[in-house]
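Below is one structure; the comments refer to it alone.
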Amino acid sequence: MFDPSSLKYDAKGLIPAIAQDHRSGEVLMMAWMNMDAVRQTLETGRVTYWSRSRQAFWVKGESSGHVQMLVELRVDCDRDCLLLLVDQHGPACHTNRRSCFYTAIREGAEVVIMAPSEA
């Protein structure tokens with residue numbers, strides 16, 4: 001059985017977690033998890049992060065309704081980063097965009113490549 005304590009967390013007890021749409025492969029966002037957030041995510045199927053600013057659990061979509069349901073959790077080769085394949089309902093970014101990665105650097109300039117959702 002998988003044991004979340006087998007992962008390598010940083011000095012603050014956190015591990016980076018990248019959320020990716022399980023169908024399209026689109027990278028949606030990056031956030032932090034602690035051991036309990038990993039456990040909670042695996043137990044409930046709802047992706048739970050650790051908010052560094054609030055020092056509290058953050059169940060994705062709890063207030064916005066833009067829920068992330070876990071399809072598969074993957075561990076990288078060094079066991080110090082997670083890839084969460086998710087079923088994303090609504091925008092993943094707090095700016096109301098599908099992905100947090102909506103700014104590209106093109107020819108030395110920052111270009112916004114994704115508009116916020118209107119819904």
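In the structure tokens, chains take the letters A, B, ... in the order shown, each chain's residues start at 1, and ligands count up from 1 in the order shown.
DSSP, applied to the backbone of this structure, assigns helix (DSSP H, G or I) to the following residues of region 28-118 of chain A: A:Met35, A:Asp36, A:Ala37, A:Val38, A:Arg39, A:Gln40, A:Thr41, A:Leu42, A:Glu43, A:Thr44.
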Item to check | Shell of 10 Å around Met33 (chain A), only C-alpha atoms, local chain residues under 5 positions omitted, as number ranges by chain | outcome: A: 9, 13-17, 38-39, 41, 47-52, 57-58, 81-82
Next on the checklist: Calculated over only C-alpha atoms, which of the candidates A:His89, A:Arg23, A:His94, A:Arg46 has the smallest distance to Leu70 (chain A)?
Outcome noted: A:Arg46
Next on the checklist: I need the strand (DSSP E or B) residues of region 8-78 of chain A per DSSP on the backbone, written as a ChimeraX atom specification.
Outcome noted: /A:15-21,27-33,46,48-51,56-59,68-75
Export, as a JSON list (two decimals), in the first residue's frame, the selected residues with C-alpha atoms.
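Done, and the output landed in selection-v3.json:
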```
[["chain", "number", "residue", "atom", "x", "y", "z"],
["A", 15, "ILE", "CA", 5.57, 18.87, -1.67],
["A", 16, "PRO", "CA", 4.78, 20.53, -5.03],
["A", 17, "ALA", "CA", 1.74, 19.13, -6.81],
["A", 18, "ILE", "CA", 1.04, 19.77, -10.48],
["A", 19, "ALA", "CA", -2.57, 19.38, -11.63],
["A", 20, "GLN", "CA", -3.04, 18.17, -15.20],
["A", 21, "ASP", "CA", -6.28, 17.51, -17.06],
["A", 27, "VAL", "CA", -1.28, 21.59, -17.25],
["A", 28, "LEU", "CA", -3.78, 23.44, -15.09],
["A", 29, "MET", "CA", -1.97, 24.64, -11.99],
["A", 30, "MET", "CA", 0.70, 24.01, -9.39],
["A", 31, "ALA", "CA", 0.09, 24.13, -5.65],
["A", 32, "TRP", "CA", 1.45, 22.63, -2.45],
["A", 33, "MET", "CA", 0.36, 19.63, -0.43],
["A", 46, "ARG", "CA", -11.43, 15.59, -4.10],
["A", 48, "THR", "CA", -6.99, 19.01, -1.33],
["A", 49, "TYR", "CA", -4.02, 21.36, -1.17],
["A", 50, "TRP", "CA", -2.26, 23.19, 1.64],
["A", 51, "SER", "CA", -2.62, 26.97, 1.48],
["A", 56, "ALA", "CA", -5.02, 25.74, 6.17],
["A", 57, "PHE", "CA", -6.36, 22.98, 3.94],
["A", 58, "TRP", "CA", -7.79, 24.13, 0.63],
["A", 59, "VAL", "CA", -10.23, 21.73, -0.97],
["A", 68, "GLN", "CA", -10.92, 18.93, -9.07],
["A", 69, "MET", "CA", -11.65, 15.23, -8.82],
["A", 70, "LEU", "CA", -8.60, 12.99, -8.64],
["A", 71, "VAL", "CA", -8.30, 10.44, -11.44],
["A", 72, "GLU", "CA", -4.74, 9.32, -10.67],
["A", 73, "LEU", "CA", -1.87, 10.43, -8.45],
["A", 74, "ARG", "CA", 1.65, 9.98, -9.80],
["A", 75, "VAL", "CA", 4.93, 10.29, -7.91]]
```
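The shortest atom-to-atom distance to Leu85 (chain A), with only C-alpha atoms taken into account, belongs to A:His22 out of A:His22, A:Arg98, A:Lys60, A:His66.
Across A:Arg79, A:Val112, A:Ala104, A:Gly45, the tightest approach to Ser6 (chain A) is made by A:Arg79 when counting only C-alpha atoms.
Computed from the coordinates, the CA of Glu26 (chain A) to CA of Ser99 (chain A) distance equals 8.0 Å.
Within 8 Å of region 115-118 of chain A, once only C-alpha atoms are used and residues closer than 6 positions along the same chain are dropped, the contacting residues are Pro91, Thr95, Asn96, Arg97, Arg98 and Tyr102 of chain A.
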Those residues you just picked out, can you put them in a file as a short mmCIF file (atom, residue, chain, number, x, y, z; two decimals), in the first residue's frame with N, CA, C and O atoms?
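Result written to selection-v3.cif:
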```
data_model
loop_
_atom_site.label_atom_id
_atom_site.label_comp_id
_atom_site.auth_asym_id
_atom_site.auth_seq_id
_atom_site.Cartn_x
_atom_site.Cartn_y
_atom_site.Cartn_z
N PRO A 91 -13.04 26.56 -14.37
CA PRO A 91 -11.66 27.06 -14.42
C PRO A 91 -10.83 26.54 -13.25
O PRO A 91 -11.35 26.39 -12.14
N THR A 95 -8.08 33.28 -11.29
CA THR A 95 -8.39 34.40 -12.18
C THR A 95 -9.53 34.05 -13.13
O THR A 95 -9.82 34.81 -14.05
N ASN A 96 -10.14 32.90 -12.93
CA ASN A 96 -11.26 32.41 -13.73
C ASN A 96 -10.82 31.96 -15.12
O ASN A 96 -11.60 32.00 -16.08
N ARG A 97 -9.55 31.53 -15.23
CA ARG A 97 -9.04 30.97 -16.48
C ARG A 97 -8.93 29.45 -16.33
O ARG A 97 -8.80 28.95 -15.23
N ARG A 98 -8.96 28.76 -17.44
CA ARG A 98 -8.86 27.30 -17.44
C ARG A 98 -7.57 26.83 -16.77
O ARG A 98 -7.55 25.84 -16.06
N TYR A 102 -1.34 31.08 -18.10
CA TYR A 102 -1.97 31.82 -19.20
C TYR A 102 -1.09 32.93 -19.74
O TYR A 102 -1.52 33.69 -20.61
#
```
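Closest to Ser24 (chain A) among A:Glu62, A:Asp76, A:Met1, A:Asp87 is A:Asp87, based on only C-alpha atoms.
The interatomic distance for the pair CA of Asp10 (chain A) and CA of Leu42 (chain A) works out to 20.4 Å.
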Checklist outcome for this item: One decimal place gives the CA of Arg54 (chain A)-CA of Lys12 (chain A) separation as 14.2 Å
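Of the residues under consideration (A:Val111, A:Cys93, A:Met35, A:Cys77), A:Cys93 shows the shortest atom-to-atom contact distance to Gly61 (chain A) when counting only C-alpha atoms.
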